[in-house]
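Visitor: Coordinates in upload_1.cif, mmCIF, C-alpha atoms, are listed below.
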data_data
#
loop_
_atom_site.group_PDB
_atom_site.id
_atom_site.type_symbol
_atom_site.label_atom_id
_atom_site.label_comp_id
_atom_site.auth_asym_id
_atom_site.auth_seq_id
_atom_site.Cartn_x
_atom_site.Cartn_y
_atom_site.Cartn_z
ATOM 1 C CA MET V 7 0.000 0.000 0.000
ATOM 2 C CA PRO V 8 2.339 2.787 -1.220
ATOM 3 C CA LEU V 9 1.999 6.535 -0.994
ATOM 4 C CA PHE V 10 -0.076 7.637 -3.974
ATOM 5 C CA ASP V 11 -1.260 11.202 -3.370
ATOM 6 C CA LEU V 12 0.575 14.534 -3.114
ATOM 7 C CA PRO V 13 3.692 14.860 -0.910
ATOM 8 C CA ILE V 14 2.959 16.002 2.634
ATOM 9 C CA ASP V 15 4.296 19.542 2.121
ATOM 10 C CA GLN V 16 1.944 19.996 -0.838
ATOM 11 C CA LEU V 17 -0.949 18.453 1.074
ATOM 12 C CA ARG V 18 -0.523 20.952 3.881
ATOM 13 C CA ALA V 19 -0.874 23.763 1.334
ATOM 14 C CA TYR V 20 -3.589 22.127 -0.780
ATOM 15 C CA ARG V 21 -6.576 24.484 -0.762
ATOM 16 C CA PRO V 22 -8.480 24.000 -4.015
ATOM 17 C CA ASP V 23 -11.112 26.350 -5.340
ATOM 18 C CA ARG V 24 -14.554 25.340 -4.136
ATOM 19 C CA ASP V 25 -17.261 24.228 -6.536
ATOM 20 C CA GLU V 26 -20.212 25.783 -4.746
ATOM 21 C CA PRO V 27 -23.732 26.539 -5.989
ATOM 22 C CA ALA V 28 -24.980 30.089 -5.495
ATOM 23 C CA ASP V 29 -27.968 28.881 -3.483
ATOM 24 C CA PHE V 30 -26.015 26.549 -1.164
ATOM 25 C CA ASP V 31 -26.987 28.400 2.021
ATOM 26 C CA ALA V 32 -30.570 28.943 0.915
ATOM 27 C CA PHE V 33 -30.925 25.249 0.054
ATOM 28 C CA TRP V 34 -29.819 24.148 3.517
ATOM 29 C CA SER V 35 -31.750 26.852 5.330
ATOM 30 C CA ARG V 36 -34.937 25.758 3.579
ATOM 31 C CA THR V 37 -34.228 22.064 4.080
ATOM 32 C CA LEU V 38 -33.705 22.426 7.820
ATOM 33 C CA ALA V 39 -36.647 24.801 8.251
ATOM 34 C CA GLU V 40 -38.930 22.255 6.595
ATOM 35 C CA ALA V 41 -37.619 19.486 8.858
ATOM 36 C CA ARG V 42 -38.158 21.589 11.973
ATOM 37 C CA GLU V 43 -41.791 22.173 11.095
ATOM 38 C CA LEU V 44 -42.341 18.543 12.133
ATOM 39 C CA ASP V 45 -42.489 17.391 15.744
ATOM 40 C CA LEU V 46 -39.085 16.069 16.822
ATOM 41 C CA ALA V 47 -40.860 13.573 19.105
ATOM 42 C CA ALA V 48 -37.603 12.370 20.643
ATOM 43 C CA ALA V 49 -37.950 9.250 22.782
ATOM 44 C CA PHE V 50 -35.323 7.968 25.232
ATOM 45 C CA THR V 51 -36.271 4.489 26.430
ATOM 46 C CA PRO V 52 -34.123 2.914 29.172
ATOM 47 C CA TYR V 53 -32.265 -0.055 27.728
ATOM 48 C CA ASP V 54 -32.125 -3.131 29.909
ATOM 49 C CA VAL V 55 -28.468 -4.098 29.986
ATOM 50 C CA PRO V 56 -26.484 -4.847 33.181
ATOM 51 C CA PHE V 57 -24.066 -1.917 33.139
ATOM 52 C CA ALA V 58 -22.849 -0.876 36.580
ATOM 53 C CA LEU V 59 -21.328 2.465 35.573
ATOM 54 C CA VAL V 60 -23.481 3.866 32.780
ATOM 55 C CA ASP V 61 -27.129 4.305 31.878
ATOM 56 C CA ALA V 62 -28.106 3.436 28.300
ATOM 57 C CA TYR V 63 -31.175 4.542 26.353
ATOM 58 C CA ASP V 64 -32.661 3.350 23.085
ATOM 59 C CA VAL V 65 -33.304 6.565 21.167
ATOM 60 C CA SER V 66 -35.590 7.496 18.325
ATOM 61 C CA PHE V 67 -36.556 10.854 16.853
ATOM 62 C CA ALA V 68 -38.106 12.344 13.730
ATOM 63 C CA GLY V 69 -35.526 13.111 11.072
ATOM 64 C CA TRP V 70 -36.024 14.285 7.496
ATOM 65 C CA GLY V 71 -39.618 13.840 6.364
ATOM 66 C CA GLY V 72 -40.635 12.842 9.885
ATOM 67 C CA HIS V 73 -38.994 9.431 9.396
ATOM 68 C CA ARG V 74 -38.020 7.708 12.642
ATOM 69 C CA ILE V 75 -34.253 7.578 13.186
ATOM 70 C CA ASN V 76 -32.729 5.306 15.808
ATOM 71 C CA GLY V 77 -29.700 5.602 18.022
ATOM 72 C CA TRP V 78 -28.209 5.168 21.466
ATOM 73 C CA PHE V 79 -27.825 7.678 24.293
ATOM 74 C CA ILE V 80 -25.367 6.691 27.025
ATOM 75 C CA VAL V 81 -24.397 8.668 30.119
ATOM 76 C CA PRO V 82 -22.255 7.997 33.203
ATOM 77 C CA LYS V 83 -24.454 6.575 35.953
ATOM 78 C CA GLY V 84 -25.299 9.124 38.609
ATOM 79 C CA ALA V 85 -23.587 12.024 36.841
ATOM 80 C CA ASP V 86 -24.457 15.413 38.351
ATOM 81 C CA GLY V 87 -25.605 18.250 36.170
ATOM 82 C CA PRO V 88 -25.664 18.699 32.388
ATOM 83 C CA LEU V 89 -22.758 17.042 30.587
ATOM 84 C CA PRO V 90 -20.852 17.728 27.390
ATOM 85 C CA CYS V 91 -22.294 15.439 24.731
ATOM 86 C CA VAL V 92 -20.409 13.762 21.896
ATOM 87 C CA MET V 93 -22.568 13.194 18.820
ATOM 88 C CA HIS V 94 -21.224 10.081 17.120
ATOM 89 C CA TYR V 95 -21.944 9.558 13.421
ATOM 90 C CA ILE V 96 -21.249 6.172 11.857
ATOM 91 C CA GLY V 97 -19.106 5.011 8.930
ATOM 92 C CA TYR V 98 -20.487 3.740 5.643
ATOM 93 C CA SER V 99 -22.487 0.482 5.814
ATOM 94 C CA GLY V 100 -22.437 0.282 9.626
ATOM 95 C CA GLY V 101 -25.444 0.420 11.940
ATOM 96 C CA ARG V 102 -25.577 1.659 15.510
ATOM 97 C CA GLY V 103 -24.431 -1.704 16.848
ATOM 98 C CA PHE V 104 -24.764 -2.238 20.589
ATOM 99 C CA PRO V 105 -24.424 0.084 23.597
ATOM 100 C CA HIS V 106 -21.211 -1.661 24.665
ATOM 101 C CA ASP V 107 -19.628 -0.496 21.379
ATOM 102 C CA HIS V 108 -19.797 3.125 22.567
ATOM 103 C CA LEU V 109 -18.478 3.260 26.123
ATOM 104 C CA ALA V 110 -15.263 5.267 25.678
ATOM 105 C CA TRP V 111 -16.933 8.662 25.962
ATOM 106 C CA PRO V 112 -19.099 7.847 29.000
ATOM 107 C CA ALA V 113 -15.981 6.357 30.633
ATOM 108 C CA ALA V 114 -14.358 9.781 30.191
ATOM 109 C CA GLY V 115 -17.323 11.554 31.783
ATOM 110 C CA TYR V 116 -19.237 12.621 28.667
ATOM 111 C CA ALA V 117 -22.658 11.780 27.350
ATOM 112 C CA VAL V 118 -22.663 10.153 23.921
ATOM 113 C CA PHE V 119 -25.477 10.231 21.388
ATOM 114 C CA VAL V 120 -25.002 7.674 18.600
ATOM 115 C CA MET V 121 -27.069 8.394 15.492
ATOM 116 C CA GLU V 122 -27.768 5.578 13.096
ATOM 117 C CA THR V 123 -27.458 6.391 9.390
ATOM 118 C CA ARG V 124 -30.692 5.586 7.594
ATOM 119 C CA GLY V 125 -30.493 2.638 5.231
ATOM 120 C CA HIS V 126 -27.225 1.298 6.658
ATOM 121 C CA GLY V 127 -26.483 -1.597 8.977
ATOM 122 C CA GLY V 128 -28.136 -4.369 6.996
ATOM 123 C CA ALA V 129 -24.861 -5.952 5.881
ATOM 124 C CA SER V 130 -22.733 -5.531 9.002
ATOM 125 C CA PRO V 131 -23.000 -8.464 11.448
ATOM 126 C CA HIS V 132 -20.825 -6.649 13.997
ATOM 127 C CA HIS V 133 -22.732 -3.340 13.818
ATOM 128 C CA PRO V 134 -26.339 -4.127 12.884
ATOM 129 C CA GLY V 135 -28.799 -1.345 12.201
ATOM 130 C CA ALA V 136 -32.480 -0.679 12.745
ATOM 131 C CA THR V 137 -33.227 2.373 10.570
ATOM 132 C CA GLY V 138 -34.506 2.209 7.001
ATOM 133 C CA ASP V 139 -34.796 4.905 4.363
ATOM 134 C CA PRO V 140 -38.455 4.926 3.359
ATOM 135 C CA TYR V 141 -37.984 7.641 0.740
ATOM 136 C CA GLY V 142 -37.743 6.488 -2.869
ATOM 137 C CA ASP V 143 -37.491 8.007 -6.323
ATOM 138 C CA SER V 144 -37.753 6.580 -9.804
ATOM 139 C CA THR V 145 -34.284 7.422 -11.146
ATOM 140 C CA PRO V 146 -31.621 4.719 -11.577
ATOM 141 C CA TYR V 147 -28.725 4.396 -9.168
ATOM 142 C CA ALA V 148 -25.703 2.174 -8.714
ATOM 143 C CA PRO V 149 -25.707 -0.486 -5.965
ATOM 144 C CA GLY V 150 -25.027 1.173 -2.627
ATOM 145 C CA LEU V 151 -26.342 4.544 -1.469
ATOM 146 C CA MET V 152 -23.901 7.046 -2.986
ATOM 147 C CA THR V 153 -25.963 7.610 -6.138
ATOM 148 C CA LYS V 154 -29.478 7.265 -4.722
ATOM 149 C CA GLY V 155 -31.357 10.305 -6.031
ATOM 150 C CA ILE V 156 -28.118 11.864 -7.276
ATOM 151 C CA LEU V 157 -29.599 13.654 -10.283
ATOM 152 C CA ASP V 158 -31.227 16.323 -8.104
ATOM 153 C CA PRO V 159 -30.126 17.773 -4.734
ATOM 154 C CA GLU V 160 -33.758 17.695 -3.602
ATOM 155 C CA THR V 161 -33.857 13.902 -3.874
ATOM 156 C CA TYR V 162 -30.243 13.018 -3.039
ATOM 157 C CA TYR V 163 -29.788 10.511 -0.240
ATOM 158 C CA TYR V 164 -27.410 12.654 1.823
ATOM 159 C CA ARG V 165 -29.903 15.489 2.007
ATOM 160 C CA ARG V 166 -31.895 13.201 4.262
ATOM 161 C CA VAL V 167 -28.850 11.965 6.200
ATOM 162 C CA PHE V 168 -27.439 15.419 6.945
ATOM 163 C CA THR V 169 -30.886 16.630 8.006
ATOM 164 C CA ASP V 170 -31.249 13.604 10.285
ATOM 165 C CA ALA V 171 -27.884 14.481 11.822
ATOM 166 C CA VAL V 172 -28.913 18.059 12.571
ATOM 167 C CA ARG V 173 -32.160 16.846 14.133
ATOM 168 C CA ALA V 174 -30.142 14.424 16.270
ATOM 169 C CA VAL V 175 -28.312 17.441 17.710
ATOM 170 C CA ASP V 176 -31.692 19.062 18.396
ATOM 171 C CA ALA V 177 -32.740 15.925 20.270
ATOM 172 C CA ALA V 178 -29.528 15.763 22.292
ATOM 173 C CA ALA V 179 -29.581 19.473 23.135
ATOM 174 C CA ALA V 180 -33.090 19.191 24.560
ATOM 175 C CA HIS V 181 -32.203 16.336 26.930
ATOM 176 C CA PRO V 182 -31.786 17.441 30.572
ATOM 177 C CA ALA V 183 -28.536 15.479 30.951
ATOM 178 C CA VAL V 184 -26.866 17.465 28.142
ATOM 179 C CA ASP V 185 -25.252 20.883 28.245
ATOM 180 C CA ALA V 186 -26.578 22.361 24.996
ATOM 181 C CA ASN V 187 -23.555 24.663 24.790
ATOM 182 C CA LEU V 188 -21.085 21.760 24.875
ATOM 183 C CA ILE V 189 -22.026 19.486 21.999
ATOM 184 C CA ILE V 190 -19.267 17.849 19.960
ATOM 185 C CA ALA V 191 -19.726 16.378 16.475
ATOM 186 C CA SER V 192 -17.615 13.287 15.814
ATOM 187 C CA GLY V 193 -17.172 10.465 13.344
ATOM 188 C CA GLY V 194 -14.832 8.672 10.993
ATOM 189 C CA SER V 195 -15.089 8.194 7.232
ATOM 190 C CA GLN V 196 -18.790 8.720 6.413
ATOM 191 C CA GLY V 197 -19.260 9.748 10.037
ATOM 192 C CA GLY V 198 -16.507 12.328 9.609
ATOM 193 C CA GLY V 199 -18.230 13.705 6.529
ATOM 194 C CA ILE V 200 -21.494 13.962 8.447
ATOM 195 C CA ALA V 201 -19.713 15.670 11.344
ATOM 196 C CA GLN V 202 -18.272 18.279 8.951
ATOM 197 C CA ALA V 203 -21.744 19.045 7.633
ATOM 198 C CA VAL V 204 -23.403 19.189 11.061
ATOM 199 C CA THR V 205 -20.767 21.540 12.436
ATOM 200 C CA ALA V 206 -21.511 24.000 9.651
ATOM 201 C CA LEU V 207 -25.280 23.568 9.864
ATOM 202 C CA HIS V 208 -25.924 23.604 13.622
ATOM 203 C CA PRO V 209 -24.890 26.587 15.765
ATOM 204 C CA SER V 210 -24.749 24.526 18.975
ATOM 205 C CA ILE V 211 -21.652 22.558 17.960
ATOM 206 C CA LYS V 212 -18.751 23.453 20.236
ATOM 207 C CA ALA V 213 -16.109 21.274 18.569
ATOM 208 C CA ALA V 214 -15.666 18.622 15.890
ATOM 209 C CA LEU V 215 -13.619 15.408 15.883
ATOM 210 C CA ILE V 216 -13.264 14.466 12.235
ATOM 211 C CA ASP V 217 -11.412 11.300 11.253
ATOM 212 C CA VAL V 218 -10.421 10.458 7.648
ATOM 213 C CA PRO V 219 -13.623 12.105 6.338
ATOM 214 C CA PHE V 220 -15.595 10.750 3.409
ATOM 215 C CA LEU V 221 -18.099 12.837 1.356
ATOM 216 C CA THR V 222 -15.416 15.425 0.650
ATOM 217 C CA HIS V 223 -13.913 16.900 -2.536
ATOM 218 C CA TYR V 224 -15.885 14.405 -4.641
ATOM 219 C CA ARG V 225 -14.471 15.153 -8.066
ATOM 220 C CA ARG V 226 -10.864 14.654 -7.040
ATOM 221 C CA ALA V 227 -11.782 11.552 -5.059
ATOM 222 C CA VAL V 228 -13.431 9.804 -7.991
ATOM 223 C CA GLU V 229 -10.498 10.705 -10.239
ATOM 224 C CA ILE V 230 -7.680 9.336 -8.057
ATOM 225 C CA THR V 231 -9.068 6.343 -6.156
ATOM 226 C CA ASP V 232 -10.592 3.111 -7.395
ATOM 227 C CA ARG V 233 -12.052 2.226 -3.996
ATOM 228 C CA ASP V 234 -15.665 2.123 -2.920
ATOM 229 C CA PRO V 235 -17.774 3.951 -1.953
ATOM 230 C CA TYR V 236 -16.516 6.699 -4.308
ATOM 231 C CA GLN V 237 -16.418 4.134 -7.106
ATOM 232 C CA GLU V 238 -20.204 3.839 -6.870
ATOM 233 C CA ILE V 239 -20.287 7.270 -8.508
ATOM 234 C CA VAL V 240 -17.873 6.145 -11.224
ATOM 235 C CA ARG V 241 -19.953 3.046 -11.992
ATOM 236 C CA PHE V 242 -23.068 5.188 -12.229
ATOM 237 C CA LEU V 243 -21.402 7.628 -14.637
ATOM 238 C CA ALA V 244 -20.036 4.744 -16.707
ATOM 239 C CA THR V 245 -23.608 3.856 -17.672
ATOM 240 C CA GLN V 246 -25.442 7.177 -17.239
ATOM 241 C CA ARG V 247 -22.947 8.885 -19.509
ATOM 242 C CA ASP V 248 -24.808 12.137 -20.109
ATOM 243 C CA THR V 249 -25.453 12.962 -16.443
ATOM 244 C CA ALA V 250 -22.011 14.045 -15.201
ATOM 245 C CA GLU V 251 -22.917 17.736 -15.053
ATOM 246 C CA GLN V 252 -26.071 16.982 -13.060
ATOM 247 C CA VAL V 253 -24.232 14.587 -10.757
ATOM 248 C CA PHE V 254 -21.455 16.980 -9.798
ATOM 249 C CA ARG V 255 -23.906 19.848 -9.419
ATOM 250 C CA THR V 256 -25.864 17.754 -6.923
ATOM 251 C CA LEU V 257 -22.714 16.710 -5.064
ATOM 252 C CA SER V 258 -21.644 20.342 -4.681
ATOM 253 C CA TYR V 259 -24.489 20.810 -2.163
ATOM 254 C CA PHE V 260 -23.070 17.980 -0.037
ATOM 255 C CA ASP V 261 -19.317 18.486 -0.355
ATOM 256 C CA GLY V 262 -17.404 18.587 2.909
ATOM 257 C CA VAL V 263 -15.126 21.276 1.491
ATOM 258 C CA ASN V 264 -18.083 23.659 1.240
ATOM 259 C CA PHE V 265 -19.235 22.833 4.754
ATOM 260 C CA ALA V 266 -15.708 23.243 6.136
ATOM 261 C CA ALA V 267 -15.581 26.761 4.693
ATOM 262 C CA ARG V 268 -18.560 27.629 6.929
ATOM 263 C CA ALA V 269 -17.545 25.837 10.128
ATOM 264 C CA GLN V 270 -16.524 28.070 13.025
ATOM 265 C CA ALA V 271 -16.057 25.518 15.822
ATOM 266 C CA ALA V 272 -12.726 24.105 16.927
ATOM 267 C CA ALA V 273 -11.752 20.912 15.093
ATOM 268 C CA LEU V 274 -9.367 18.007 15.434
ATOM 269 C CA TYR V 275 -8.950 16.212 12.102
ATOM 270 C CA SER V 276 -7.050 13.076 11.238
ATOM 271 C CA VAL V 277 -5.664 11.905 7.902
ATOM 272 C CA ALA V 278 -3.840 8.754 6.798
ATOM 273 C CA LEU V 279 -1.348 9.163 3.974
ATOM 274 C CA MET V 280 -1.914 5.649 2.575
ATOM 275 C CA ASP V 281 -5.692 5.946 2.638
ATOM 276 C CA TYR V 282 -7.043 4.821 -0.737
ATOM 277 C CA THR V 283 -10.661 5.074 0.427
ATOM 278 C CA CYS V 284 -10.563 8.755 1.430
ATOM 279 C CA PRO V 285 -7.455 10.135 -0.278
ATOM 280 C CA PRO V 286 -5.324 12.493 1.821
ATOM 281 C CA SER V 287 -5.734 15.419 -0.573
ATOM 282 C CA THR V 288 -9.507 15.274 -0.127
ATOM 283 C CA VAL V 289 -9.090 15.476 3.642
ATOM 284 C CA PHE V 290 -6.617 18.348 3.457
ATOM 285 C CA ALA V 291 -8.902 20.161 1.012
ATOM 286 C CA ALA V 292 -11.538 20.368 3.750
ATOM 287 C CA TYR V 293 -9.091 20.914 6.595
ATOM 288 C CA ASN V 294 -7.404 23.810 4.831
ATOM 289 C CA HIS V 295 -10.775 25.480 4.217
ATOM 290 C CA TRP V 296 -11.952 24.997 7.827
ATOM 291 C CA GLN V 297 -12.659 28.408 9.352
ATOM 292 C CA GLY V 298 -12.425 27.669 13.071
ATOM 293 C CA PRO V 299 -9.377 26.793 15.207
ATOM 294 C CA LYS V 300 -7.991 23.491 13.979
ATOM 295 C CA GLU V 301 -5.407 20.759 14.388
ATOM 296 C CA ILE V 302 -4.721 17.667 12.307
ATOM 297 C CA SER V 303 -3.167 14.323 13.228
ATOM 298 C CA VAL V 304 -1.216 12.796 10.337
ATOM 299 C CA TRP V 305 -0.730 9.008 10.200
ATOM 300 C CA PRO V 306 1.944 8.434 7.535
ATOM 301 C CA TRP V 307 1.869 4.626 7.400
ATOM 302 C CA ASN V 308 -1.831 3.902 7.714
ATOM 303 C CA GLY V 309 -4.702 3.301 5.349
ATOM 304 C CA HIS V 310 -8.353 4.041 5.990
ATOM 305 C CA GLU V 311 -8.114 2.773 9.575
ATOM 306 C CA GLY V 312 -6.196 5.971 10.308
ATOM 307 C CA GLY V 313 -4.931 6.233 13.856
ATOM 308 C CA SER V 314 -7.646 3.928 15.267
ATOM 309 C CA GLY V 315 -7.215 3.636 19.044
ATOM 310 C CA SER V 316 -4.287 6.043 19.056
ATOM 311 C CA GLN V 317 -6.466 8.705 17.439
ATOM 312 C CA ARG V 318 -9.198 8.101 20.024
ATOM 313 C CA GLU V 319 -6.657 8.786 22.776
ATOM 314 C CA GLU V 320 -5.685 12.007 21.011
ATOM 315 C CA GLN V 321 -9.353 12.985 20.811
ATOM 316 C CA LEU V 322 -9.871 12.371 24.523
ATOM 317 C CA ARG V 323 -6.878 14.519 25.439
ATOM 318 C CA TYR V 324 -7.820 17.208 22.917
ATOM 319 C CA LEU V 325 -11.393 17.466 24.127
ATOM 320 C CA HIS V 326 -10.421 17.479 27.803
ATOM 321 C CA LYS V 327 -7.979 20.320 27.202
ATOM 322 C CA LEU V 328 -10.424 22.267 25.017
ATOM 323 C CA LEU V 329 -13.286 22.071 27.495
ATOM 324 C CA ALA V 330 -11.034 22.793 30.483
ATOM 325 C CA SER V 331 -9.910 26.017 28.801
ATOM 326 C CA GLY V 332 -13.524 27.135 28.411
#
Turn this file's structure into structure tokens for me.

Guide:
Amino acid sequence: MPLFDLPIDQLRAYRPDRDEPADFDAFWSRTLAEARELDLAAAFTPYDVPFALVDAYDVSFAGWGGHRINGWFIVPKGADGPLPCVMHYIGYSGGRGFPHDHLAWPAAGYAVFVMETRGHGGASPHHPGATGDPYGDSTPYAPGLMTKGILDPETYYYRRVFTDAVRAVDAAAAHPAVDANLIIASGGSQGGGIAQAVTALHPSIKAALIDVPFLTHYRRAVEITDRDPYQEIVRFLATQRDTAEQVFRTLSYFDGVNFAARAQAAALYSVALMDYTCPPSTVFAAYNHWQGPKEISVWPWNGHEGGSGSQREEQLRYLHKLLASG
């Protein structure tokens, strides 16, 4: 697995022009306003599992279109007062899994809200899911979810996902165990891409922990990597040959580079220089456009796993220091 992207000195300076539609902000303002016209109807049901040190809740709330979105909410048992809350968004194909998969943050004294990504989790025996995507349209798409509804931003799959993610923050912020001023967006790969979007779209986000983000700098990604999920777009364009302009116009509304250019919160990124799934230049494209205070962990010898447990330790230290400084 050799180095294949730009040298590290060029990556650190890589700040490409953004392909951004003129109505980007209006599109998202309207989308979120429509979603918030519906009752959030968040439900936190105690989950019967014999944990001695945490309390776990089976969560559901109304996301885009009023569709029920599932998740987990886990807090340290007996914690006093509102807590900082880490919003955890999940990587491509994975479901929410089990509460015991998400104990690192409660062990550190934080609440964690795990949002399941609609339509995922059906093919992951280790991280099963419980949330479907009941929306459908009549246009063709390649197997997977990257091209579902891709010919129009109104129907594109990630319009629903990003809206769900914002509504998840609304649900967390309203819970009495959560300090609404100390909400942190986090995730790796697809989850990192969602975290980038949420940080730009929701004013309550205090900080972002973004690992090897997917859904970022799409055009370069599809041109330099042959890995899925970006290759789902390539396979679609290989048969729908006259749709490239429409496809990349749609993707411009969902590009992490455009969200990064609007994000004001503090951020800790990570990038792996041998990552063929989310190429390093796509990560640096977003990082270098990020508007808030920022740091990046570089893992020179890793692929899409990035820093794994080592990166989680860096996140814990980073967040502790950030919150202690006020």

Visitor: What is the CA of Asp107 in chain V-CA of Trp78 in chain V distance in Å, reported with one decimal?

Guide: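 Atom-to-atom, CA of Asp107 in chain V and CA of Trp78 in chain V are spaced 10.3 Å apart.
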
Visitor: So, with only C-alpha atoms as the atoms that count, which of V:Gly97, V:Gly155, V:Pro286, V:Pro88 lies closest to Ala201 in chain V?

Guide: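 Using only C-alpha atoms, Ala201 in chain V sits closest to V:Gly97.
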
Visitor: For CA of Val65 in chain V and CA of Ala174 in chain V, quote the distance in Å rounded to one decimal.

Guide: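 Pair CA of Val65 in chain V / CA of Ala174 in chain V returns 9.8 Å.
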
Visitor: I want to know what sits within 12 Å of Leu329 in chain V, based on only C-alpha atoms, with residues of the same chain fewer than 2 positions away left out; could you give that as a list in words?

Guide: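 Neighbouring residues, sequence-local ones excluded: Leu89, Pro90, Cys91, Tyr116, Asn187, Leu188, Ile189, Ile190, Lys212, Ala213, Ala272, Gln321, Leu322, Arg323, Tyr324, Leu325, His326, Lys327, Ser331 and Gly332 of chain V.
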
Visitor: Selection in question (the file shown): the PyMOL selection byres ((chain V and resi 290) around 9). Which residues does it include, as a ChimeraX atom specification?

Guide: /V:17-21,277,286-289,291-295

Visitor: So that I can see what lies close to Phe79 in chain V, please list as a list in words the residues with an atom at most 9 Å from it, counting only C-alpha atoms and leaving out residues fewer than 5 positions away in the same chain.

Guide: Phe50, Asp61, Ala62, Tyr63, Asp64, Val65, Pro105, Ala117, Val118, Phe119, Val120, Met121 and Ala178 of chain V

Visitor: Include C-alpha atoms and write out the residues we just selected as a PDB file, keeping the file's coordinate frame.

Guide:
ATOM      1  CA  PHE V  50     -35.323   7.968  25.232  1.00  0.00           C
ATOM      2  CA  ASP V  61     -27.129   4.305  31.878  1.00  0.00           C
ATOM      3  CA  ALA V  62     -28.106   3.436  28.300  1.00  0.00           C
ATOM      4  CA  TYR V  63     -31.175   4.542  26.353  1.00  0.00           C
ATOM      5  CA  ASP V  64     -32.661   3.350  23.085  1.00  0.00           C
ATOM      6  CA  VAL V  65     -33.304   6.565  21.167  1.00  0.00           C
ATOM      7  CA  PRO V 105     -24.424   0.084  23.597  1.00  0.00           C
ATOM      8  CA  ALA V 117     -22.658  11.780  27.350  1.00  0.00           C
ATOM      9  CA  VAL V 118     -22.663  10.153  23.921  1.00  0.00           C
ATOM     10  CA  PHE V 119     -25.477  10.231  21.388  1.00  0.00           C
ATOM     11  CA  VAL V 120     -25.002   7.674  18.600  1.00  0.00           C
ATOM     12  CA  MET V 121     -27.069   8.394  15.492  1.00  0.00           C
ATOM     13  CA  ALA V 178     -29.528  15.763  22.292  1.00  0.00           C
TER      14      ALA V 178
END

Visitor: Work out how far apart CA of Tyr224 in chain V and CA of Gly72 in chain V are and give it in Å to one decimal.

Guide: 28.7 Å

Visitor: If you count all atoms listed in the file, which residues fall within 8 Å of Thr231 in chain V, apart from same-chain ones fewer than 6 positions away, as a list in words?

Guide: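 My reading of the contact set: Gln237, Tyr282, Thr283 and Pro285 of chain V.
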
Visitor: Report as a PyMOL selection string the residues that result from applying the PyMOL selection byres ((chain V and resi 273) around 9) to the structure here.

Guide: chain V and resi 213-216+270-272+274-275+293+296+298-302
